[in-house]
file final_11.txt (compact mmCIF, C-alpha atoms)
# COMPACT_ATOMS: atom_id res chain seq x y z
CA MET B 1 0.00 0.00 0.00
CA ASP B 2 1.27 3.46 -0.91
CA GLU B 3 2.07 5.87 1.87
CA VAL B 4 -0.11 8.94 2.35
CA GLU B 5 1.85 12.16 1.92
CA VAL B 6 0.40 15.38 3.30
CA VAL B 7 1.22 17.97 0.64
CA VAL B 8 -0.44 20.91 2.40
CA ALA B 9 -3.00 21.15 5.17
CA HIS B 10 -4.68 23.95 7.08
CA SER B 11 -8.15 24.78 8.38
CA GLU B 12 -9.57 25.64 4.94
CA ARG B 13 -8.36 22.73 2.84
CA ALA B 14 -5.90 19.85 2.60
CA THR B 15 -4.14 18.03 -0.22
CA LEU B 16 -2.90 14.45 0.15
CA ARG B 17 -0.89 12.32 -2.26
CA VAL B 18 -1.38 8.56 -2.49
CA GLY B 19 0.83 7.08 -5.19
CA ASP B 20 -0.01 8.86 -8.45
CA VAL B 21 -3.24 10.37 -7.13
CA PHE B 22 -3.77 13.68 -5.36
CA LEU B 23 -6.79 13.95 -3.07
CA LYS B 24 -7.93 17.52 -2.46
CA VAL B 25 -10.26 17.98 0.50
CA ASP B 26 -12.05 21.33 0.50
CA ALA B 27 -15.02 22.36 2.61
CA ASP B 28 -15.87 25.12 0.10
CA GLN B 29 -17.42 23.29 -2.85
CA ALA B 30 -17.82 26.53 -4.79
CA ARG B 31 -14.04 26.76 -4.83
CA VAL B 32 -13.86 23.24 -6.27
CA ASP B 33 -16.43 24.21 -8.91
CA VAL B 34 -14.17 27.09 -9.96
CA GLU B 35 -11.16 24.77 -10.17
CA ILE B 36 -12.91 22.20 -12.36
CA GLU B 37 -14.35 24.88 -14.65
CA ALA B 38 -11.00 26.66 -15.02
CA MET B 39 -9.14 23.45 -15.87
CA SER B 40 -11.69 22.69 -18.57
CA LEU B 41 -11.20 26.12 -20.15
CA ALA B 42 -7.46 26.71 -19.74
CA PRO B 43 -5.42 26.29 -22.97
CA VAL B 44 -2.45 24.86 -21.06
CA PRO B 45 -1.81 21.35 -19.68
CA THR B 46 -3.75 20.59 -16.49
CA PRO B 47 -4.14 17.45 -14.36
CA GLU B 48 -6.65 14.76 -15.31
CA ILE B 49 -9.69 14.75 -13.01
CA LEU B 50 -10.24 11.16 -11.87
CA TRP B 51 -13.38 11.59 -9.77
CA ARG B 52 -15.20 13.91 -7.41
CA LYS B 53 -17.08 12.96 -4.26
CA PRO B 54 -17.62 16.10 -2.15
CA PRO B 55 -15.66 17.22 -0.26
CA VAL B 56 -12.92 15.29 -2.13
CA LEU B 57 -11.55 15.89 -5.63
CA ALA B 58 -9.15 13.28 -7.03
CA ILE B 59 -6.69 14.27 -9.74
CA ALA B 60 -3.82 12.44 -11.42
CA ALA B 61 -0.23 13.40 -10.70
CA LEU B 62 1.62 15.27 -13.43
CA PRO B 63 4.90 14.13 -14.99
CA GLY B 64 8.01 16.15 -14.23
CA THR B 65 8.85 18.35 -11.28
CA THR B 66 8.18 21.90 -10.18
CA LEU B 67 10.67 24.71 -10.72
CA GLY B 68 11.06 25.00 -6.96
CA ARG B 69 9.20 26.63 -4.10
CA LEU B 70 9.20 29.88 -2.19
CA GLY B 71 12.03 29.81 0.32
CA GLY B 72 13.78 26.94 -1.43
CA PRO B 73 16.29 26.58 -4.24
CA SER B 74 15.00 27.16 -7.76
CA THR B 75 15.67 24.53 -10.39
CA GLY B 76 15.37 24.28 -14.13
CA SER B 77 17.26 25.81 -17.00
CA PRO B 78 16.63 29.34 -18.31
CA ALA B 79 14.79 27.63 -21.18
CA ALA B 80 12.45 25.90 -18.71
CA TRP B 81 11.65 29.21 -17.03
CA ALA B 82 11.07 30.78 -20.44
CA ALA B 83 8.75 27.90 -21.37
CA ALA B 84 6.76 28.62 -18.22
CA GLY B 85 6.57 32.26 -19.27
CA ALA B 86 5.26 31.23 -22.70
CA ALA B 87 2.60 29.00 -21.09
CA ILE B 88 1.50 31.83 -18.83
CA ARG B 89 1.21 34.12 -21.85
CA LYS B 90 -0.92 31.52 -23.65
CA LEU B 91 -3.24 31.43 -20.64
CA HIS B 92 -3.48 35.21 -20.45
CA ASP B 93 -4.29 35.47 -24.17
CA ALA B 94 -7.12 32.90 -23.95
CA PRO B 95 -10.83 33.86 -24.05
CA LEU B 96 -11.95 35.22 -20.70
CA PRO B 97 -13.56 32.83 -18.21
CA PRO B 98 -17.08 33.66 -17.00
CA ARG B 99 -16.21 34.88 -13.50
CA PRO B 100 -13.64 37.13 -11.79
CA GLY B 101 -10.79 35.46 -9.93
CA ARG B 102 -8.50 36.32 -7.04
CA ALA B 103 -6.30 38.38 -9.36
CA GLY B 104 -9.33 40.43 -10.37
CA ARG B 105 -10.27 42.04 -7.07
CA ASN B 106 -11.53 45.62 -7.18
CA VAL B 107 -8.64 48.06 -6.84
CA VAL B 108 -10.40 50.26 -4.27
CA ALA B 109 -11.36 47.30 -2.10
CA LEU B 110 -7.88 45.80 -2.43
CA ALA B 111 -6.24 49.05 -1.33
CA ALA B 112 -8.55 49.26 1.67
CA GLU B 113 -7.76 45.64 2.60
CA LEU B 114 -4.05 46.34 2.33
CA ASP B 115 -4.25 49.46 4.52
CA ALA B 116 -6.12 47.53 7.20
CA GLU B 117 -3.62 44.66 7.03
CA CYS B 118 -0.64 47.01 7.27
CA GLU B 119 -2.11 48.56 10.41
CA LEU B 120 -2.55 45.12 11.98
CA LEU B 121 0.99 44.07 11.07
CA VAL B 122 2.42 47.07 12.89
CA THR B 123 -0.04 47.11 15.80
CA ASN B 124 0.54 43.42 16.52
CA GLY B 125 4.30 43.80 16.23
CA LEU B 126 4.60 41.31 13.39
CA LEU B 127 6.70 43.57 11.16
CA PRO B 128 8.64 46.81 11.73
CA ALA B 129 6.74 49.99 10.85
CA ASP B 130 9.38 51.23 8.40
CA LEU B 131 9.33 47.92 6.50
CA VAL B 132 5.55 48.02 6.23
CA THR B 133 5.48 51.70 5.22
CA ARG B 134 8.09 51.26 2.50
CA ASN B 135 6.40 48.21 0.99
CA ARG B 136 2.96 49.85 1.17
CA ARG B 137 4.45 52.67 -0.90
CA VAL B 138 5.91 50.20 -3.42
CA ALA B 139 2.53 48.39 -3.62
CA GLU B 140 0.83 51.58 -4.78
CA ALA B 141 1.92 50.89 -8.39
CA ALA B 142 -0.42 47.87 -8.54
CA PHE B 143 -3.47 50.10 -8.09
CA ARG B 144 -3.99 51.15 -11.71
CA PRO B 145 -6.38 50.30 -14.56
CA TRP B 146 -5.69 46.93 -16.17
CA THR B 147 -7.14 44.87 -19.01
CA PRO B 148 -8.76 41.63 -17.77
CA ALA B 149 -7.00 38.39 -18.68
CA PHE B 150 -7.59 34.70 -17.97
CA THR B 151 -5.56 34.40 -14.75
CA HIS B 152 -4.63 31.48 -12.52
CA GLY B 153 -4.83 33.61 -9.38
CA ASP B 154 -2.34 31.63 -7.26
CA LEU B 155 0.45 30.87 -9.72
CA GLN B 156 3.20 29.87 -7.30
CA ILE B 157 6.19 28.08 -8.85
CA ALA B 158 5.15 24.99 -6.89
CA HIS B 159 2.03 24.88 -9.07
CA VAL B 160 3.89 24.67 -12.41
CA PHE B 161 5.43 21.34 -13.49
CA VAL B 162 8.13 20.97 -16.13
CA GLU B 163 10.00 18.06 -17.70
CA GLY B 164 13.21 19.09 -19.38
CA ASP B 165 12.40 22.43 -20.97
CA GLU B 166 8.65 21.81 -21.44
CA VAL B 167 5.69 22.61 -19.21
CA THR B 168 3.79 19.41 -18.39
CA GLY B 169 0.99 20.96 -16.36
CA ILE B 170 -0.31 23.60 -13.99
CA ILE B 171 -2.24 22.67 -10.83
CA ASP B 172 -4.46 24.32 -8.18
CA TRP B 173 -6.95 26.45 -10.15
CA SER B 174 -9.38 27.33 -7.34
CA GLU B 175 -8.54 31.06 -7.52
CA ALA B 176 -8.74 31.29 -11.33
CA GLY B 177 -10.82 33.79 -13.28
CA ARG B 178 -10.67 37.19 -14.93
CA GLY B 179 -7.89 39.30 -13.43
CA ASP B 180 -4.68 41.29 -13.67
CA ALA B 181 -2.09 39.37 -15.71
CA LEU B 182 0.80 40.93 -13.79
CA HIS B 183 -0.56 39.42 -10.57
CA ASP B 184 0.20 35.97 -12.03
CA LEU B 185 3.68 36.93 -13.22
CA ALA B 186 4.56 38.44 -9.86
CA THR B 187 3.25 35.44 -7.93
CA PHE B 188 5.22 33.07 -10.14
CA THR B 189 8.51 34.94 -9.62
CA LEU B 190 7.97 35.85 -5.94
CA GLY B 191 11.19 35.16 -4.06
CA HIS B 192 12.97 34.19 -7.28
CA GLU B 193 13.65 37.57 -8.82
CA GLU B 194 16.75 36.20 -10.55
CA HIS B 195 14.51 34.28 -12.97
CA LEU B 196 12.21 37.16 -13.92
CA ASP B 197 14.16 37.93 -17.11
CA ASP B 198 13.95 34.27 -18.18
CA VAL B 199 10.20 34.21 -17.59
CA LEU B 200 9.70 37.44 -19.53
CA ALA B 201 11.84 36.08 -22.38
CA GLY B 202 9.11 33.49 -22.90
CA TYR B 203 6.17 35.70 -21.95
CA GLY B 204 6.98 38.73 -24.12
CA THR B 205 7.86 42.37 -23.77
CA GLY B 206 5.95 45.43 -22.60
CA ILE B 207 5.78 44.46 -18.92
CA ASP B 208 5.82 47.25 -16.32
CA LEU B 209 8.44 46.05 -13.83
CA ASP B 210 7.27 48.57 -11.21
CA VAL B 211 3.92 46.76 -11.16
CA ILE B 212 5.64 43.38 -10.76
CA HIS B 213 7.58 44.80 -7.79
CA ALA B 214 4.34 46.25 -6.43
CA TRP B 215 2.61 42.88 -6.50
CA TRP B 216 5.58 41.26 -4.74
CA SER B 217 5.17 43.73 -1.89
CA LEU B 218 1.37 43.61 -1.90
CA ARG B 219 1.09 39.83 -1.91
CA SER B 220 3.70 39.49 0.84
CA LEU B 221 2.08 42.10 3.10
CA LEU B 222 -1.31 40.42 2.76
CA ALA B 223 0.13 36.94 3.37
CA VAL B 224 2.26 37.34 6.51
CA ARG B 225 -0.47 37.29 9.17
CA TRP B 226 -2.53 34.59 7.40
CA LEU B 227 0.53 32.35 7.14
CA ILE B 228 1.37 32.73 10.82
CA GLU B 229 -2.22 32.00 11.86
CA HIS B 230 -2.28 28.85 9.71
CA GLY B 231 0.98 27.37 10.94
CA PHE B 232 3.36 28.53 8.19
CA ASP B 233 6.53 30.58 8.56
CA PRO B 234 6.80 33.75 6.43
CA PHE B 235 10.09 34.56 8.21
CA ALA B 236 11.91 31.50 6.85
CA PRO B 237 14.86 32.37 4.57
CA GLY B 238 13.69 33.50 1.14
CA CYS B 239 10.03 33.78 2.12
CA GLU B 240 7.67 36.74 2.44
CA ALA B 241 9.61 38.69 5.09
CA ASP B 242 12.76 38.51 2.99
CA VAL B 243 10.81 39.58 -0.11
CA LEU B 244 9.64 42.67 1.82
CA LYS B 245 13.18 43.41 3.04
CA SER B 246 14.48 43.28 -0.53
CA ARG B 247 12.37 46.35 -1.36
CA MET B 248 14.13 48.47 1.28

call {"tool": "encode", "arguments": {"input": "final_11.txt", "output": "structure tokens"}}
result
Amino acid sequence: MDEVEVVVAHSERATLRVGDVFLKVDADQARVDVEIEAMSLAPVPTPEILWRKPPVLAIAALPGTTLGRLGGPSTGSPAAWAAAGAAIRKLHDAPLPPRPGRAGRNVVALAAELDAECELLVTNGLLPADLVTRNRRVAEAAFRPWTPAFTHGDLQIAHVFVEGDEVTGIIDWSEAGRGDALHDLATFTLGHEEHLDDVLAGYGTGIDLDVIHAWWSLRSLLAVRWLIEHGFDPFAPGCEADVLKSRM
């Protein structure tokens, strides 16, 4: 019998691996609906859905490996990172999905959420005030008009699989929908700034780097408290706290 590997687990959802099958347990079935719909529409490789019995979704494992993870070493050749950039561009150029995603939140509401979160980070002593203030200023560049694209919404490098220099699949689509394309690019390169040029070589030109930097700061500021409350460590080397420090 195969061992059960806990891939990720917190109070909202859990993902287990048993052999070549991933079992995703999610109490929010609407989120699972979004994931299944997005995978059916995305013009990039996605995992095969084996079965669904709420609250469990079973999907097949993808060939290859990820390009790394936040806080860990990055792997893959420049060509592999460029291939990921090309796949992301293909997604962003696809016909729009029917609903907004996490990357498509209203700018005014997002700014208000960020201001409230920054106040809590300082008040609770989680981050120094000068670090929060500087990154809040950097994040301002993300609050601008943008053209909706088909976005993944949580495009961490751990969600993109490659084999050699080819993308074999992208997983975890529960935050997908219409949104800001640069949110995806920033999430994918978060903590791995050294590979941004490789990704953009595959994605294409015309990217506002100030907006990428803004999303790095914004995503990290919004994540720190949630990560702590759910048993993760944003202060580990290379993770969110270090991303914020790099903007100083």

call {"tool": "atom_distance", "arguments": {"input": "final_11.txt", "atom1": "atom CA of Leu244 of chain B", "atom2": "atom CA of Ser217 of chain B"}}
result
5.9 Å

call {"tool": "atom_distance", "arguments": {"input": "final_11.txt", "atom1": "atom CA of Val162 of chain B", "atom2": "atom CA of Ala80 of chain B"}}
result
7.0 Å

call {"tool": "atom_distance", "arguments": {"input": "final_11.txt", "atom1": "atom CA of Arg31 of chain B", "atom2": "atom CA of His230 of chain B"}}
result
18.8 Å

call {"tool": "closest_residue", "arguments": {"input": "final_11.txt", "among": "B:Ala109, B:Val32, B:Leu67, B:Ile170", "to": "Glu48 of chain B", "atoms": "all atoms listed in the file"}}
result
B:Ile170

call {"tool": "closest_residue", "arguments": {"input": "final_11.txt", "among": "B:Ile171, B:Leu190, B:Ala116, B:Leu209", "to": "Gly238 of chain B", "atoms": "all atoms listed in the file"}}
result
B:Leu190

call {"tool": "decode", "arguments": {"input": "final_11.txt", "residues": "segment 101-121 of chain B", "atoms": "N, CA and C atoms", "output": "compact mmCIF listing (two decimals), in the first residue's frame"}}
result
# COMPACT_ATOMS: atom_id res chain seq x y z
N GLY B 101 -11.60 36.29 -10.80
CA GLY B 101 -10.79 35.46 -9.93
C GLY B 101 -10.09 36.28 -8.87
N ARG B 102 -9.21 35.64 -8.13
CA ARG B 102 -8.50 36.32 -7.04
C ARG B 102 -7.64 37.46 -7.57
N ALA B 103 -7.12 37.32 -8.77
CA ALA B 103 -6.30 38.38 -9.36
C ALA B 103 -7.15 39.53 -9.91
N GLY B 104 -8.46 39.41 -9.81
CA GLY B 104 -9.33 40.43 -10.37
C GLY B 104 -10.09 41.24 -9.33
N ARG B 105 -9.58 41.29 -8.12
CA ARG B 105 -10.27 42.04 -7.07
C ARG B 105 -10.30 43.54 -7.38
N ASN B 106 -11.37 44.19 -6.98
CA ASN B 106 -11.53 45.62 -7.18
C ASN B 106 -10.38 46.37 -6.54
N VAL B 107 -9.82 47.34 -7.30
CA VAL B 107 -8.64 48.06 -6.84
C VAL B 107 -8.91 48.83 -5.55
N VAL B 108 -10.06 49.47 -5.47
CA VAL B 108 -10.40 50.26 -4.27
C VAL B 108 -10.52 49.35 -3.06
N ALA B 109 -11.20 48.24 -3.21
CA ALA B 109 -11.36 47.30 -2.10
C ALA B 109 -10.03 46.68 -1.71
N LEU B 110 -9.18 46.39 -2.70
CA LEU B 110 -7.88 45.80 -2.43
C LEU B 110 -6.99 46.77 -1.66
N ALA B 111 -7.03 48.04 -2.04
CA ALA B 111 -6.24 49.05 -1.33
C ALA B 111 -6.70 49.20 0.11
N ALA B 112 -8.01 49.16 0.31
CA ALA B 112 -8.55 49.26 1.67
C ALA B 112 -8.15 48.05 2.50
N GLU B 113 -8.19 46.85 1.90
CA GLU B 113 -7.76 45.64 2.60
C GLU B 113 -6.28 45.72 2.99
N LEU B 114 -5.47 46.23 2.06
CA LEU B 114 -4.05 46.34 2.33
C LEU B 114 -3.77 47.33 3.45
N ASP B 115 -4.45 48.47 3.45
CA ASP B 115 -4.25 49.46 4.52
C ASP B 115 -4.60 48.87 5.88
N ALA B 116 -5.72 48.14 5.94
CA ALA B 116 -6.12 47.53 7.20
C ALA B 116 -5.11 46.48 7.65
N GLU B 117 -4.59 45.71 6.69
CA GLU B 117 -3.62 44.66 7.03
C GLU B 117 -2.31 45.28 7.50
N CYS B 118 -1.88 46.35 6.85
CA CYS B 118 -0.64 47.01 7.27
C CYS B 118 -0.75 47.53 8.70
N GLU B 119 -1.90 48.07 9.04
CA GLU B 119 -2.11 48.56 10.41
C GLU B 119 -2.02 47.42 11.41
N LEU B 120 -2.60 46.28 11.08
CA LEU B 120 -2.55 45.12 11.98
C LEU B 120 -1.12 44.58 12.12
N LEU B 121 -0.38 44.57 11.02
CA LEU B 121 0.99 44.07 11.07
C LEU B 121 1.84 44.88 12.04
